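K.L.:
Take a look at input22.pdb, PDB, C-alpha atoms:
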ATOM      1  CA  MET A   1      84.351 126.180 113.549
ATOM      2  CA  ASP A   2      82.618 127.374 110.399
ATOM      3  CA  ASP A   3      81.590 125.466 107.258
ATOM      4  CA  ARG A   4      84.507 126.687 105.163
ATOM      5  CA  ARG A   5      87.129 125.560 107.675
ATOM      6  CA  LEU A   6      85.411 122.172 108.057
ATOM      7  CA  GLU A   7      85.443 121.726 104.261
ATOM      8  CA  ILE A   8      89.158 122.520 104.131
ATOM      9  CA  ILE A   9      89.972 120.087 106.937
ATOM     10  CA  ILE A  10      87.909 117.297 105.374
ATOM     11  CA  GLY A  11      89.384 117.982 101.932
ATOM     12  CA  ASN A  12      92.907 117.781 103.339
ATOM     13  CA  LEU A  13      92.029 114.565 105.181
ATOM     14  CA  LEU A  14      90.814 112.960 101.948
ATOM     15  CA  ARG A  15      93.812 114.202  99.977
ATOM     16  CA  VAL A  16      96.363 113.010 102.527
ATOM     17  CA  GLY A  17      94.566 109.696 103.040
ATOM     18  CA  VAL A  18      94.545 108.869  99.335
ATOM     19  CA  LEU A  19      98.149 109.987  98.822
ATOM     20  CA  VAL A  20      99.433 107.984 101.797
ATOM     21  CA  ALA A  21      97.458 104.914 100.689
ATOM     22  CA  ALA A  22      98.830 105.240  97.146
ATOM     23  CA  ALA A  23     102.386 105.624  98.441
ATOM     24  CA  VAL A  24     102.070 102.517 100.628
ATOM     25  CA  VAL A  25     100.588 100.451  97.778
ATOM     26  CA  PHE A  26     103.305 101.704  95.421
ATOM     27  CA  ALA A  27     106.037 100.837  97.934
ATOM     28  CA  GLY A  28     104.511  97.390  98.348
ATOM     29  CA  GLY A  29     104.375  96.943  94.583
ATOM     30  CA  VAL A  30     108.017  97.904  94.195
ATOM     31  CA  ALA A  31     108.950  95.571  97.053
ATOM     32  CA  TYR A  32     106.967  92.770  95.416
ATOM     33  CA  VAL A  33     108.777  93.186  92.103
ATOM     34  CA  VAL A  34     112.132  93.264  93.913
ATOM     35  CA  GLN A  35     111.288  90.184  96.006
ATOM     36  CA  HIS A  36     109.840  88.211  93.063
ATOM     37  CA  PRO A  37     111.862  89.290  90.020
ATOM     38  CA  ARG A  38     111.168  86.169  87.981
ATOM     39  CA  GLY A  39     107.646  85.498  89.254
ATOM     40  CA  ARG A  40     105.174  84.165  86.715
ATOM     41  CA  VAL A  41     101.452  84.734  86.962
ATOM     42  CA  ASP A  42      99.153  81.748  86.481
ATOM     43  CA  TYR A  43      95.886  83.123  85.167
ATOM     44  CA  LEU A  44      94.348  79.667  84.808
ATOM     45  CA  HIS A  45      94.289  78.798  88.507
ATOM     46  CA  PHE A  46      93.333  80.968  91.463
ATOM     47  CA  THR A  47      95.630  80.642  94.445
ATOM     48  CA  ALA A  48      94.399  82.252  97.636
ATOM     49  CA  GLY A  49      96.850  84.096  99.813
ATOM     50  CA  PRO A  50      97.748  83.000 103.315
ATOM     51  CA  ALA A  51      95.021  83.071 105.952
ATOM     52  CA  SER A  52      96.975  85.692 107.896
ATOM     53  CA  MET A  53      96.270  88.187 105.109
ATOM     54  CA  THR A  54      92.507  88.006 105.697
ATOM     55  CA  THR A  55      92.521  89.845 109.022
ATOM     56  CA  VAL A  56      93.444  93.416 109.852
ATOM     57  CA  GLY A  57      95.898  92.213 112.505
ATOM     58  CA  GLY A  58      97.605  89.826 110.106
ATOM     59  CA  ILE A  59      97.867  92.510 107.457
ATOM     60  CA  ALA A  60      99.293  94.994 109.970
ATOM     61  CA  ARG A  61     101.891  92.459 111.187
ATOM     62  CA  SER A  62     102.869  91.641 107.612
ATOM     63  CA  ALA A  63     103.176  95.325 106.708
ATOM     64  CA  ALA A  64     105.211  96.022 109.861
ATOM     65  CA  ALA A  65     107.580  93.248 108.774
ATOM     66  CA  LEU A  66     107.848  95.048 105.391
ATOM     67  CA  GLN A  67     106.478  92.084 103.471
ATOM     68  CA  SER A  68     105.322  93.239 100.057
ATOM     69  CA  GLU A  69     101.895  91.581 100.143
ATOM     70  CA  GLY A  70     101.250  93.069 103.574
ATOM     71  CA  LEU A  71     102.234  96.544 102.416
ATOM     72  CA  ILE A  72      99.890  96.351  99.432
ATOM     73  CA  GLN A  73      97.014  95.083 101.567
ATOM     74  CA  PHE A  74      97.694  97.715 104.235
ATOM     75  CA  GLY A  75      97.639 100.464 101.605
ATOM     76  CA  LEU A  76      94.257  99.200 100.429
ATOM     77  CA  LEU A  77      92.999  99.211 104.024
ATOM     78  CA  LEU A  78      94.142 102.826 104.330
ATOM     79  CA  LEU A  79      92.275 103.644 101.134
ATOM     80  CA  ILE A  80      89.100 102.059 102.529
ATOM     81  CA  ALA A  81      89.562 103.828 105.877
ATOM     82  CA  THR A  82      89.882 107.270 104.270
ATOM     83  CA  PRO A  83      86.172 107.889 103.557
ATOM     84  CA  VAL A  84      85.253 106.377 106.929
ATOM     85  CA  ALA A  85      87.596 108.873 108.604
ATOM     86  CA  ARG A  86      85.991 111.615 106.509
ATOM     87  CA  VAL A  87      82.550 110.791 107.885
ATOM     88  CA  ALA A  88      83.930 110.615 111.438
ATOM     89  CA  MET A  89      85.529 114.022 110.922
ATOM     90  CA  ALA A  90      82.211 115.367 109.651
ATOM     91  CA  VAL A  91      80.497 114.126 112.820
ATOM     92  CA  ALA A  92      83.073 115.919 114.966
ATOM     93  CA  GLY A  93      82.917 119.089 112.870
ATOM     94  CA  PHE A  94      79.136 119.258 112.891
ATOM     95  CA  ALA A  95      79.137 118.647 116.647
ATOM     96  CA  LEU A  96      81.528 121.580 117.107
ATOM     97  CA  GLU A  97      79.184 123.697 114.975
ATOM     98  CA  ARG A  98      76.246 122.415 117.077
ATOM     99  CA  ASP A  99      74.407 121.333 113.937
ATOM    100  CA  TRP A 100      72.625 118.374 115.522
ATOM    101  CA  LEU A 101      70.646 117.319 112.454
ATOM    102  CA  TYR A 102      73.838 116.825 110.446
ATOM    103  CA  VAL A 103      75.493 115.136 113.433
ATOM    104  CA  ALA A 104      72.635 112.615 113.513
ATOM    105  CA  VAL A 105      72.703 112.016 109.749
ATOM    106  CA  SER A 106      76.493 111.652 109.740
ATOM    107  CA  LEU A 107      76.336 109.246 112.684
ATOM    108  CA  ILE A 108      73.822 107.091 110.811
ATOM    109  CA  VAL A 109      76.108 107.038 107.773
ATOM    110  CA  LEU A 110      79.097 106.203 109.989
ATOM    111  CA  VAL A 111      77.242 103.339 111.681
ATOM    112  CA  VAL A 112      76.191 101.923 108.304
ATOM    113  CA  LEU A 113      79.753 102.169 106.966
ATOM    114  CA  VAL A 114      81.318 100.535 110.009
ATOM    115  CA  ALA A 115      78.654  97.812 110.171
ATOM    116  CA  SER A 116      79.091  96.975 106.501
ATOM    117  CA  LEU A 117      82.873  96.766 106.929
ATOM    118  CA  MET A 118      82.566  94.607 110.045
ATOM    119  CA  HIS A 119      80.183  92.140 108.428
ATOM    120  CA  ALA A 120      81.818  91.939 105.000
ATOM    121  CA  THR A 121      83.133  88.523 104.112
TER     122      THR A 121
END
Spit out the file's structure as structure tokens when you get a sec.
P.N.:
Amino acid sequence: MDDRRLEIIIGNLLRVGVLVAAAVVFAGGVAYVVQHPRGRVDYLHFTAGPASMTTVGGIARSAAALQSEGLIQFGLLLLIATPVARVAMAVAGFALERDWLYVAVSLIVLVVLVASLMHAT
């Protein structure tokens, strides 16, 4: 694998990831408007969502059930996962090119990204 092909693959990964995430969020938004046609927003008081929407498993179950909030949250998770997948793809591509310095640097970046996502509250 050469640099040009790796750039094309990573570019396509980013493009597809963002487009799929946008489509899922849009579908969730449309579903939300359909499910709550007369909903009013209270900007004076914050109301937290259900506890099930704070975990990846809960979000995935909600999205699989085609609940609008779950679809929106799942689309946002896809958007967050896109650059992480890009770094993982870079690690694999650099390993195929046998460019060990860039493999090491990309692995460090990947570990930092994953650790920050795992420990975010």
K.L.:
Counting all atoms listed in the file, which residues come within 7 Å of (81.5, 108.3, 108.5), with the point read in the file's coordinates, and could you list them as JSON, numbers by chain?
P.N.:
{"A": [83, 84, 85, 86, 87, 88, 106, 107, 109, 110, 113]}
K.L.:
Please enumerate the residues selected by the PyMOL selection byres ((chain A and resi 17) around 9) when evaluated against the supplied file, formatted as number ranges by chain.
P.N.:
A: 12-16, 18-22, 78-79, 81-83, 85
K.L.:
Could you state which residues are captured by the PyMOL selection byres ((chain A and resi 24-33) around 7) in this file, as number ranges by chain?
P.N.:
A: 20-23, 34-37, 68-69, 71-72, 75-76
K.L.:
How would the residues just picked look written out with C-alpha atoms as a short mmCIF file (atom, residue, chain, number, x, y, z; two decimals), keeping the file's coordinate frame?
P.N.:
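Printed below is selection-v8.cif as written:
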data_model
loop_
_atom_site.label_atom_id
_atom_site.label_comp_id
_atom_site.auth_asym_id
_atom_site.auth_seq_id
_atom_site.Cartn_x
_atom_site.Cartn_y
_atom_site.Cartn_z
CA VAL A 20 99.43 107.98 101.80
CA ALA A 21 97.46 104.91 100.69
CA ALA A 22 98.83 105.24 97.15
CA ALA A 23 102.39 105.62 98.44
CA VAL A 34 112.13 93.26 93.91
CA GLN A 35 111.29 90.18 96.01
CA HIS A 36 109.84 88.21 93.06
CA PRO A 37 111.86 89.29 90.02
CA SER A 68 105.32 93.24 100.06
CA GLU A 69 101.90 91.58 100.14
CA LEU A 71 102.23 96.54 102.42
CA ILE A 72 99.89 96.35 99.43
CA GLY A 75 97.64 100.46 101.60
CA LEU A 76 94.26 99.20 100.43
#
K.L.:
Need the axis-aligned box for stretch 68-80 of chain A with 4 Å each side, so what are the centre and edges in Å to one decimal, as lines of an AutoDock Vina configuration file?
P.N.:
center_x = 97.2
center_y = 97.6
center_z = 101.9
size_x = 24.2
size_y = 20.1
size_z = 12.9
K.L.:
Enter the distance from atom CA of A:Met53 to atom CA of A:Ala65, in Å, rounded to one decimal.
P.N.:
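Atom CA of A:Ala65 lies at a distance of 12.9 Å from atom CA of A:Met53.
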K.L.:
Quick one: distance from atom CA of A:Val91 to atom CA of A:Val103 in Å, one decimal?
P.N.:
5.1 Å
K.L.:
Provide the atom CA of A:Val111 to atom CA of A:Arg4 distance in Å, to one decimal place.
P.N.:
25.3 Å
K.L.:
For A:Ile8, which of A:Met89, A:Ala115, A:Ala120, A:Asp99 is the closest residue, counting all atoms listed in the file?
P.N.:
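Looking only at the distances to A:Ile8, the closest residue turns out to be A:Met89.
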K.L.:
Hey, which of A:Phe94, A:Gly49, A:Arg40, A:Ile80 ends up closest to A:Glu7? Count only C-alpha atoms.
P.N.:
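Closest to A:Glu7 of all the choices is A:Phe94.
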K.L.:
Using only C-alpha atoms, determine which residues lie at most 8 Å from A:Ile59, disregarding the query and same-chain residues fewer than 4 positions distant; provide the list as a list in words.
P.N.:
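Contacts, in chain order: Ser52, Met53, Thr54, Thr55, Ala63, Gly70, Leu71, Gln73 and Phe74 of chain A.
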K.L.:
Could stretch 38-49 of chain A be completed with all heavy atoms and returned as a compact mmCIF listing (two decimals), keeping the file's coordinate frame?
P.N.:
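Result file follows (out.txt):
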# COMPACT_ATOMS: atom_id res chain seq x y z
N ARG A 38 111.45 87.10 89.07
CA ARG A 38 111.17 86.17 87.98
C ARG A 38 109.81 85.49 88.16
O ARG A 38 109.56 84.46 87.57
CB ARG A 38 112.25 85.11 87.90
CG ARG A 38 113.64 85.69 87.77
CD ARG A 38 114.33 85.13 86.55
NE ARG A 38 115.72 85.55 86.52
CZ ARG A 38 116.14 86.58 85.82
NH1 ARG A 38 115.30 87.31 85.16
NH2 ARG A 38 117.42 86.90 85.81
N GLY A 39 108.95 86.10 88.98
CA GLY A 39 107.65 85.50 89.25
C GLY A 39 106.78 85.44 88.00
O GLY A 39 106.76 86.36 87.20
N ARG A 40 106.09 84.33 87.84
CA ARG A 40 105.17 84.16 86.72
C ARG A 40 103.76 84.11 87.26
O ARG A 40 103.50 83.49 88.28
CB ARG A 40 105.50 82.90 85.95
CG ARG A 40 106.87 82.99 85.28
CD ARG A 40 107.03 81.97 84.26
NE ARG A 40 105.88 82.02 83.35
CZ ARG A 40 105.91 81.61 82.12
NH1 ARG A 40 107.02 81.13 81.64
NH2 ARG A 40 104.86 81.67 81.36
N VAL A 41 102.85 84.70 86.55
CA VAL A 41 101.45 84.73 86.96
C VAL A 41 100.72 83.61 86.26
O VAL A 41 100.81 83.45 85.04
CB VAL A 41 100.81 86.10 86.61
CG1 VAL A 41 99.35 86.11 87.01
CG2 VAL A 41 101.56 87.21 87.30
N ASP A 42 99.97 82.82 87.04
CA ASP A 42 99.15 81.75 86.48
C ASP A 42 97.71 82.23 86.46
O ASP A 42 97.04 82.26 87.49
CB ASP A 42 99.30 80.49 87.33
CG ASP A 42 98.49 79.33 86.79
OD1 ASP A 42 98.00 79.42 85.64
OD2 ASP A 42 98.36 78.32 87.50
N TYR A 43 97.24 82.61 85.29
CA TYR A 43 95.89 83.12 85.17
C TYR A 43 94.84 82.01 85.07
O TYR A 43 93.65 82.28 85.09
CB TYR A 43 95.78 84.04 83.94
CG TYR A 43 96.53 85.34 84.11
CD1 TYR A 43 97.66 85.60 83.36
CD2 TYR A 43 96.09 86.30 85.01
CE1 TYR A 43 98.35 86.79 83.51
CE2 TYR A 43 96.77 87.49 85.17
CZ TYR A 43 97.90 87.73 84.41
OH TYR A 43 98.57 88.91 84.56
N LEU A 44 95.28 80.78 84.94
CA LEU A 44 94.35 79.67 84.81
C LEU A 44 93.85 79.15 86.15
O LEU A 44 92.76 78.61 86.24
CB LEU A 44 94.99 78.51 84.02
CG LEU A 44 95.33 78.82 82.57
CD1 LEU A 44 96.03 77.63 81.93
CD2 LEU A 44 94.07 79.18 81.80
N HIS A 45 94.64 79.33 87.20
CA HIS A 45 94.29 78.80 88.51
C HIS A 45 94.38 79.90 89.55
O HIS A 45 95.37 80.62 89.61
CB HIS A 45 95.23 77.65 88.89
CG HIS A 45 95.23 76.54 87.90
ND1 HIS A 45 96.13 76.47 86.87
CD2 HIS A 45 94.41 75.47 87.76
CE1 HIS A 45 95.90 75.40 86.15
NE2 HIS A 45 94.85 74.78 86.66
N PHE A 46 93.33 79.99 90.38
CA PHE A 46 93.33 80.97 91.46
C PHE A 46 94.01 80.36 92.67
O PHE A 46 93.68 79.25 93.09
CB PHE A 46 91.91 81.39 91.83
CG PHE A 46 91.85 82.28 93.03
CD1 PHE A 46 92.24 83.60 92.94
CD2 PHE A 46 91.43 81.79 94.26
CE1 PHE A 46 92.21 84.43 94.05
CE2 PHE A 46 91.40 82.62 95.36
CZ PHE A 46 91.79 83.94 95.26
N THR A 47 94.96 81.07 93.23
CA THR A 47 95.63 80.64 94.44
C THR A 47 95.40 81.70 95.51
O THR A 47 95.83 82.84 95.37
CB THR A 47 97.15 80.48 94.21
OG1 THR A 47 97.35 79.61 93.10
CG2 THR A 47 97.83 79.92 95.43
N ALA A 48 94.69 81.31 96.56
CA ALA A 48 94.40 82.25 97.64
C ALA A 48 95.67 82.54 98.42
O ALA A 48 96.57 81.70 98.51
CB ALA A 48 93.33 81.68 98.56
N GLY A 49 95.72 83.73 98.98
CA GLY A 49 96.85 84.10 99.81
C GLY A 49 96.77 83.41 101.16
O GLY A 49 95.81 82.69 101.47
